[in-house]
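Heads up: the structure comes next, in structure tokens.
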Amino acid sequence: MKSFVSYRIVFKCILAVGMAFGVAQAAKAQSITLQYRFDSTTPGFNAASPNQLILTAGQAATTYTIDVFATIAGDATHTDTTKFGLKNIKYQGFSSITSGSGAFATGAGVGATTFTGFGAFTGTGTTAPKFADTGSTTDGSTVVTTPDGIVDFGKNLLLSNASQSIANYTFANASGEIEIAQFTFATGTASAGGVTKFFPTEPNTSQAANYTQDGSTPIIPAAFTVGTPLVFTVGAAAGGNNSVLAISPATATLNVLAGGTGKQTLTITNSGTDAGSYTSAFSANLGNASANPATSTVNNGTPVSDVISYTAAARAAGSQAATTDSFTYTITNSASGNTDTQAKGNKVTTFTANVGSATVNSDGTFNAANALTAVVAPSASYAGLSSQVVTPPTATGGARNGQDANGNGGFATILAGTNSSVTTPATVSMNWRLQTAADASGAKNNPNFAPSLRSPTTGLISNPVDLTGITPTGATVGSITPTDPYTLELSYNTSLLPKHGQANAAAVEAGLITNKLIYLVSFNSLLNGGLGQWEPATTENTGNKATAAQQGVNTSFASFVTTTFGAGRTPGSLTASELNSIMGAYGVDTTTSSHEVWAVLNHNSQFAVIPEPSSILLAGLGLVGLVAAGRRGKKKSA
């Protein structure tokens with residue numbers, strides 16, 4: 001497949017007198033472009049600079065294949081490339097020794113040798129060019145008739161569409177480009193320090209081309225501008241630097257926690273022998289994206305790592321909105337300014353940021369590819385990091401989704417805490433899954449729940465989230481490694497509470513909260529013979545200090561902080577010492593449309609929400625029989 005980097009002769013359309021078809025056409029901002037490229041099979045071919053070859057001093061005489069492409073560009077009223085066509089075209093090629101004695105030895109057989117029309121341009125009306133050393137040029141416009149030892153072509157060259165009908169020929173691809181010819185070019189032995197160019201030049205008649213933009217009406221431009229020549233260089237490119245930079249990957253996805261910073265490492269390489277340098281930029285003037293380094297020097301064989309940081313917006317209070325963002329990162333080769341090399345071309349990575357938008361597996365397992373992460377700098381706050389499950393709330397494969405239609409039961413937020421390390425960033429991750437049938441079952445003595453739980457009648461009432469990356473602060477005991485203190489908040493699905501369709505569902509929830517029976521649980525992998533069980537999340541804390549009055553409170557964490565530490569205090573302002581002083585505190589916040597459970601914790605774990613109704617509470621609400629019936633119903637459907 002040929003390179004799409006363009007080195008062009010631009011045929012400017014002007015008012016022309018009808019010639020081949022006797023039709024006059026006023027052309028506005030219309031153009032036809034002719035491009036010379038070394039064929040991609042050429043040894044030393046570089047897609048970033050397909051009009052240039054770098055030879056080695058003493059390199060033996062070689063014959064190269066040159067591809068000739070034409071492209072038609074329409075004006076504002078002609079944009080359908082499927083109607084663009086070409087009837088005939090004329091042009092010439094002349095050589096230029098522009099440095100020293102040239103890039104190679106001259107003499108008999110050196111220069112243009114054979115010429116072949118392609119496709120529709122090989123039949124009637126196609127006239128072969130004249131090959132002869134008829135002169136030279138230094139700019140492609142003015143030809144000097146003094147021979148320079150290099151064979152040129154042209155004079156009587158005419159490429160014509162064999163179909164003899166503009167309406168019957170259109171270009172093959174969406175960009176309106178097609179290969180119309182090839183010619184071969186033979187060099188002599190390469191000479192050190194030299195540069196030789198081969199320019200496309202004006203035709204030997206006033207008619208440059210005859211083409212159409214609407215499938216029928218011919219347009220006849222009468223002049224064109226000189227395009228970029230083929231360049232043969234020995235050693236580094238003339239007048240500049242031969243560095244050719246590349247960036248990978250070309251596309252990247254950032255799964256980043258809302259309110260956090262996601263990172264992606266890009267690799268920038270240089271395939272040229274000279275050292276290159278680059279400058280970078282982001283699209284859309286994004287203030288939340290940055291690169292480190294933003295500029296750098298890249299040597300051949302020594303790639304540079306460029307770390308892209310993207311700071312995601314925080315989730316608005318009480319909102320479960322998950323967002324995406326798209327932007328590009330572009331590097332420009334600032335070392336290679338030589339127009340001959342064209343290695344200065346921009347290289348781009350396109351980013352998609354999933355901000356707090358969590359995807360889950362329907363089979364009840366965690367998939368590492370779905371994790372949302374955020375890099376928390378040393379001594380920086382964990383507060384505000386959040387994510388939301390975006391999987392629709394449907395049952396799949398016998399598993400129940402812990403969300404309601406508004407996403408409640410499927411989002412989590414860290415409300416307080418600080419990375420205690422002063423040297424090492426913390427990479428915090430939230431990964432979600434749907435509930436399994438065992439998670440959802442409220443059957444008595446369900447082995448999925450620790451004996452310390454009093455036979456929950458509904459099972460979990462949220463999707464489980466696996467929270468990792470909070471900085472460890474002590475040695476592991478059993479399966480628990482103590483971490484920085486922090487406060488985690490999870491939403492829950494009120495429709496999964498044990499209300500059984502009763503009108504007093506709100507009273508059931510209020511009774512559960514009053515009796516401290518809605519709280520966070522975490523998964524202890526060592527329980528149940530190593531199969532793991534859910535148990536109260538605060539049980540796995542190291543050094544609980546919360547009083548009984550600070551557990552199971554019916555208030556938001558923000559209100560709890562004000563009550564405990566004084567007016568003006570906010571969750572984000574709490575120090576590690578203050579959080580440790582209330583370690584194990586937990587409560588339920590029903591002040592927003594999404595009811596949530598929070599707890600002060602110091603361990604990484606899988607977390608979820610559970611109700612734990614007591615028979616006394618249910619008896620007081622007149623629901624004992626209904627709960628028993630519910631249990632029997634679950635057994636029948638299990």
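Identifiers in the structure tokens: chain A, B, ... in order shown; residue index from 1 per chain; ligand index from 1 in order shown.
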
Query - Non-local contacts of Met583 of chain A (9 Å; only C-alpha atoms; under 2 positions in same chain excluded) as a list in words - result: Pro485, Tyr486, Thr538, Asn541, Thr542, Gly543, Asn544, Lys545, Ala546, Glu578, Leu579, Asn580, Ser581, Ala585, Tyr586, Ala599, Val600, Leu601 and Asn602 of chain A

Could those residues be written to a file, using C-alpha atoms, as a PDB file, in the first residue's frame?
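Written out: out.pdb:
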ATOM      1  CA  PRO A 485      -7.214   5.784  56.950  1.00  0.00           C
ATOM      2  CA  TYR A 486      -9.971   6.894  54.579  1.00  0.00           C
ATOM      3  CA  THR A 538     -15.121  -2.397  60.033  1.00  0.00           C
ATOM      4  CA  ASN A 541      -9.953  -2.529  60.272  1.00  0.00           C
ATOM      5  CA  THR A 542      -6.763  -2.293  62.311  1.00  0.00           C
ATOM      6  CA  GLY A 543      -7.244  -0.302  65.527  1.00  0.00           C
ATOM      7  CA  ASN A 544     -10.954   0.587  65.645  1.00  0.00           C
ATOM      8  CA  LYS A 545     -11.562   3.513  68.032  1.00  0.00           C
ATOM      9  CA  ALA A 546     -15.079   4.654  67.193  1.00  0.00           C
ATOM     10  CA  GLU A 578      -8.304  12.585  63.111  1.00  0.00           C
ATOM     11  CA  LEU A 579      -9.525   9.749  60.886  1.00  0.00           C
ATOM     12  CA  ASN A 580      -7.718   7.227  63.085  1.00  0.00           C
ATOM     13  CA  SER A 581      -9.509   8.687  66.105  1.00  0.00           C
ATOM     14  CA  ALA A 585     -17.325   4.841  62.520  1.00  0.00           C
ATOM     15  CA  TYR A 586     -20.094   4.304  59.980  1.00  0.00           C
ATOM     16  CA  ALA A 599     -17.527   3.965  56.852  1.00  0.00           C
ATOM     17  CA  VAL A 600     -14.080   4.961  58.123  1.00  0.00           C
ATOM     18  CA  LEU A 601     -11.691   2.197  57.040  1.00  0.00           C
ATOM     19  CA  ASN A 602      -8.002   1.335  56.736  1.00  0.00           C
TER      20      ASN A 602
END

Query raised in the report: Skipping near chain neighbours, those fewer than 4 positions away, what residues fall within 6 Å of Trp534 of chain A using only C-alpha atoms, listed as JSON, numbers by chain?
Result: {"A": [449, 450, 521, 522, 523]}

Export, as a PDB file, in the first residue's frame, the selected residues with C-alpha atoms.
ATOM      1  CA  PHE A 449     -21.882 -14.595  54.612  1.00  0.00           C
ATOM      2  CA  ALA A 450     -19.890 -14.866  57.842  1.00  0.00           C
ATOM      3  CA  VAL A 521     -19.369  -5.387  54.315  1.00  0.00           C
ATOM      4  CA  SER A 522     -16.024  -6.495  52.916  1.00  0.00           C
ATOM      5  CA  PHE A 523     -14.896  -9.842  51.550  1.00  0.00           C
TER       6      PHE A 523
END

Requested in this report: DSSP on the backbone, then: every residue of segment 380-430 of chain A marked strand (DSSP E), written as JSON, numbers by chain.
Outcome: {"A": [386, 387, 388, 389, 411, 412, 413, 414, 415, 416, 417, 426, 427, 428, 429, 430]}

Report task. Would you mind listing what lies within 10 Å of Gln606 of chain A as a count of residues only, with only C-alpha atoms counted and same-chain residues fewer than 5 positions away left out? Result -> 15

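Closest approach to Asn46 of chain A from the set A:Gly417, A:Ile480, A:Val244, A:Asn346 is made by A:Val244, with distances taken over only C-alpha atoms.
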
Query - Near-Gly262 of chain A list (6 Å; only C-alpha atoms; drop same-chain fewer than 5 positions) as number ranges by chain - result: A: 256, 309-310, 374

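Taking only C-alpha atoms into account, Thr81 of chain A lies nearest to A:Ile178 out of the set A:Val307, A:Ala246, A:Ala371, A:Ile178.
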
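The coordinates place atom CA of Ala294 of chain A at 9.3 Å from atom CA of Ile308 of chain A.
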
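Using only C-alpha atoms, the shortest contact distance between Thr436 of chain A and any of A:Ala558, A:Ala416, A:Leu460, A:Val376 is found at A:Leu460.
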
Query - Neighbour list for Ser101 of chain A as a PyMOL selection string, cut-off 8 Å, only C-alpha atoms, skip fewer than 6 positions in-chain - result: chain A and resi 191+194-195

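Each of A:Leu157, A:Ala281, A:Val422, A:Ala47 was checked against Ala128 of chain A using only C-alpha atoms; the smallest atom-to-atom distance is that of A:Leu157.
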
**Report entry** Shell of 10 Å around Thr349 of chain A, only C-alpha atoms, local chain residues under 2 positions omitted, as a list in words
**Finding:** Ile247, Ser248, Pro249, Ala250, Thr251, Ala252, Leu266, Phe282, Phe327, Thr328, Tyr329, Thr330, Ile331, Lys347 and Phe351 of chain A

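From atom CA of Asp133 of chain A back to atom CA of Ala108 of chain A, the distance works out to 9.5 Å.
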
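The smallest atom-to-atom distance between Phe607 of chain A and any of A:Tyr211, A:Tyr492, A:Phe232, A:Phe115, using only C-alpha atoms, is found for A:Tyr492.
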
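Between atom CA of Val609 of chain A and atom CA of Ser387 of chain A lies a distance of 15.8 Å.
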